[in-house]
Amino acid sequence: MIRLIHWSRSRWELLNLRQKLSVAFVVMTLVPLLVSAAFTEWEASKLLRQFVFDRNKNLALNIAHDADQLFAEKIRMMKVVVADASFRSMQSSHQTVILEEMVRTYSGIHIAVVIDPSGKQTARSDGLPVVDSIDYTDREYFAQVMQKKSTVVSEVLVSKSAGWPGVVIAEPILDENLTAQGVLVVNIGLSSIIQMIEKALVDEQSYAYVVNSAGNVIIHTDPLHARPEDSLCLSPTGKALAGETGWLEYECSGPKILAGYSYMPHAGWGLVVESSLAAAMSEVNDVHKANSFIIVVSVLLTVLISLSIAQAIAARIGEISKAALRVATGDFQTRLPVDRTDEIGSLAQNFNQMTEQLELRTVELCASETKFRSLVDNINIGVYQASVDDDGRFIQVNPAMVQIFGYPDLVLLLKVPISQLYYDLADRQFFLQQLKQKGFVKNQECLMRRFGGETFWCSRSAVARMDKMGNMQWIEGVIEDITERKQAENLLRQAKEELELQVAARTSELTKLNEELHQLSLSDGLTGIGNRRSLDETIEREWKRAVRERSKLAILMIDIDYFKLFNDTYGHLAGDECLKKVVATITGLIKRSMDFVGRYGGEEFAVILPATDEQGAMAVGEKIRAAIEAAAIPHQRSYLGGIVTVSIGVAVLIPNSTTESVVLVEAADQALYTAKSSGRNRVVLAE
C-alpha cells in the first residue's frame, strides 16, 4: 500500500500543469457526482421508508380512532336508551318504536333487538314480529353481558335476526336493583366497518386488518395478503392489543413488511396497516436507474471538457505567473495583453487592474499612514500598544497618554510597569482576564494613578492581537480621562436620591391625609359614629357576605322618643348633648368587632349585627332600651316618666341573591313604626 502511494505521488509529480488540471477536473467532477448520486439514493430510500412508516402509523391511528368512535357512539346511545325508565319496563311496543328510531338515526346499524333473560326476542327494529324460535343463550356475548352486567362487543358473526355478518354490541337492561331485565343488542354491519377502513387507505399498496383480543384476524381489507392465524406474526398485533400506537419493520414467512398499528379501546381490538417493503421502495429503483444514466453521460462529457479547459488555462496561467513575479519584485508597471473575452481574458484584465490599484494604494497608504500618525499624536484620548505579561509595559503611546498620566516625558512612562498605574490591582487582573476570554474590552471604568500618586477615573477599551495559535501577542487600546464626568454623575445621583426622599416623604404625608379625609367622610361629625354613607356601605357589604355564607343578618332601627319636644324645650345644643349620651350608651353595649353603629338621620340610629338570630337581636335591643332608660336623661315634656327613652325596631333574615338589602331596612323601619305607635319605649321584632 505504501509503495502504491509513493508510486502515485511520483507519477503525479511527472505530470505537467495541463495534465494535472485534466485529472483534477475529472476527479473533482466525478467524485461529487458519484457521492451525490449515492447520497440521493440513500436519502430517498430513508425518507420514503420513513414516509411509509409515518403514513401507516397515522392511518392506523386515524382508522382505529374512527372505527372506535363508531362503537363509542353506539355504546353511548345504547346507555342512554337503557337508562330510560319506560324502556326498562320491557314493554315491547314502546321498545319497538325506540329501536326503529335508533336504526333511522344512526347509520351502520343493520338491526337492533331486545332479548329477555331467557334468551328470547321481545322487540326488534325492522318492523317484523319477534321470532320465538330464535334463542340467544348459545351466543357468547349474551352469557357475558348477563354475567358482567356491562357492555360487551362480540366477535364477527352472522346475525340471527337478519342473517347478515356483523359485530354485535350488547348492553344490559338493569332495574333499580341492578337486576338484568334483558339485553339491548345492536348489530353493526361488517360491510360498513370494512368500507370505512378501505376509504381511509390512501393507495393500493397498503392493506389493513383487525385482530380481536385473542390475536385472531376478524377483518381484512385484502384477502390476498391475509396469512393463516398460526403463521401471523405477533409483533404489530401484540403491540396494538397492548394499547400502543407506532410503527415497525418486520419479516414473517415472506418479504419484509412496513407496519403501523393502533388500539381500539371500546371494542378491545387492534388495527394494523401494512405495506410490503419492496412495493414501497419501487420509486427508489427508478431514482437509481436515472442516476446511473446521468453518471455515464456525465463521465464522457467531463473528460472531453476537462481536457479542453486544462489546455487553455495552463498556457495563460504560465503568462500570469511570470507577470506576478515581476510585480512581486516591485515592478507595478507590468501589464498583460488582453486579447480574449472569456474568463482568462477577464483574469488578465483583472491582473492589470490589480497592479494599477496596487500602485495607487501604495501611494495612498503612505499618505494615510502620515495622516493617522498625525491624528493619534493630536487627539486628547490616550492611544497605546502594550505587552501582555502581568505587570505589563507600554510599547508605544501617543502624547495624550503622557499628558493623562502626568509624566514628565514619554521615556519615563514607557519604563513604568502598567500594574503600578492601577489603584486596585484586581482591576488589572480582571482586564487581562476579559481580554483572554473575549478578545476585547469596551468602555471599562476603573481608578488609576497619575505621576505623583493622584487618582483619576478613566474609561478603557482594548483589543488583543493574537498569533495563529490563539495566544495574545500584544494589546492595543485607548484610555480616556472621565474624572469630570464621574463627578457630575455623583452630583446627579445625590440630587436624585434627595429628590426621591422628598417625594417619598410627601407621598407618605398625602397618604396619611387621604386616610384621615376618608375616615372623616365616613364619620358623623356630631357623635363620631358612622354616618349615613358608612351605614349604607356596611349594610351592602354585610348583605353580600351573608348571601355567600348563608347566615342571618340583623338590624336595629333606634329612634329617640319625643326628641322634637326635647329640642323645643332645652334647645338644640342640649339636643346635641342628648344625642351624644344616647350614642355613648349604645356603643358601650356593642362589644363584637363585626357589629356596626351608625347614624341613620336626625335622632334615628341603626345597629347592624352580622350572624345574629332573632333572639340575639332582641336581647341586644332590650339592653339598649333598658340602658338608655336607666341613664335617666331629663325630659320634662316626655309622656314616659319625664326621661329620655327610645323605641327600637328589629328585623332579621337570611339574605339571598334575588333580593336587596333595602328589604331588611324597610322591615326594621316598619317594626320601629309599630313600636312607636304601640306606646314607645319598647322593642318590636318585624314579622
# chains A, B, ... in the order shown; residues from 1 in each chain; ligands from 1
>>> select_by_dssp(residues="range 351-470 of chain A", states="strand (DSSP E or B)", output="PyMOL selection string")
chain A and resi 382-386+394-397+422+440-449+455-466
>>> closest_residue(among="A:Phe87, A:Trp543, A:Tyr639, A:Tyr562", to="Ile654 in chain A", atoms="only C-alpha atoms")
A:Trp543
>>> closest_residue(among="A:Val338, A:Ile648, A:Val183, A:Val217", to="Ser677 in chain A", atoms="only C-alpha atoms")
A:Ile648
>>> residues_around(residues="Val185 in chain A", least_positions_apart="3", cutoff="10 Å", atoms="only C-alpha atoms", output="list in words")
Met78, Leu99, Ile111, Ala112, Val113, Val114, Ile115, Arg124, Tyr141, Phe142, Val152, Val153, Val168, Ile169, Ala170, Glu171, Pro172, Gly182 and Ile188 of chain A
>>> atom_distance(atom1="CA of Ser154 in chain A", atom2="CA of Ala83 in chain A")
21.8 Å
>>> residues_around(residues="range 411-424 of chain A", least_positions_apart="4", cutoff="7 Å", atoms="only C-alpha atoms", output="PDB file with C-alpha atoms, in the first residue's frame")
ATOM      1  CA  ASP A 391       2.986  43.747  35.148  1.00  0.00           C
ATOM      2  CA  GLY A 392       2.959  44.977  31.555  1.00  0.00           C
ATOM      3  CA  ARG A 393       4.877  47.701  29.770  1.00  0.00           C
ATOM      4  CA  PHE A 394       3.784  50.295  27.229  1.00  0.00           C
ATOM      5  CA  ILE A 395       5.410  49.630  23.869  1.00  0.00           C
ATOM      6  CA  VAL A 402       1.799  61.111  28.707  1.00  0.00           C
ATOM      7  CA  TYR A 407       4.544  62.057  33.452  1.00  0.00           C
ATOM      8  CA  ARG A 428      -5.698  44.930  36.094  1.00  0.00           C
ATOM      9  CA  LEU A 447      -9.391  54.146  39.085  1.00  0.00           C
ATOM     10  CA  MET A 448      -5.780  54.737  38.017  1.00  0.00           C
ATOM     11  CA  ARG A 449      -2.828  56.756  39.372  1.00  0.00           C
TER      12      ARG A 449
END
>>> residues_around(residues="Ile586 in chain A", least_positions_apart="6", cutoff="12 Å", atoms="only C-alpha atoms", output="PyMOL selection string")
chain A and resi 527+529+556-559+579-580+595-599+605-607+620-629+631+646+648
>>> select_by_dssp(residues="range 450-619 of chain A", states="helix (DSSP H, G or I)", output="ChimeraX atom specification")
/A:483-521,532-549,563-570,572-589,614-619
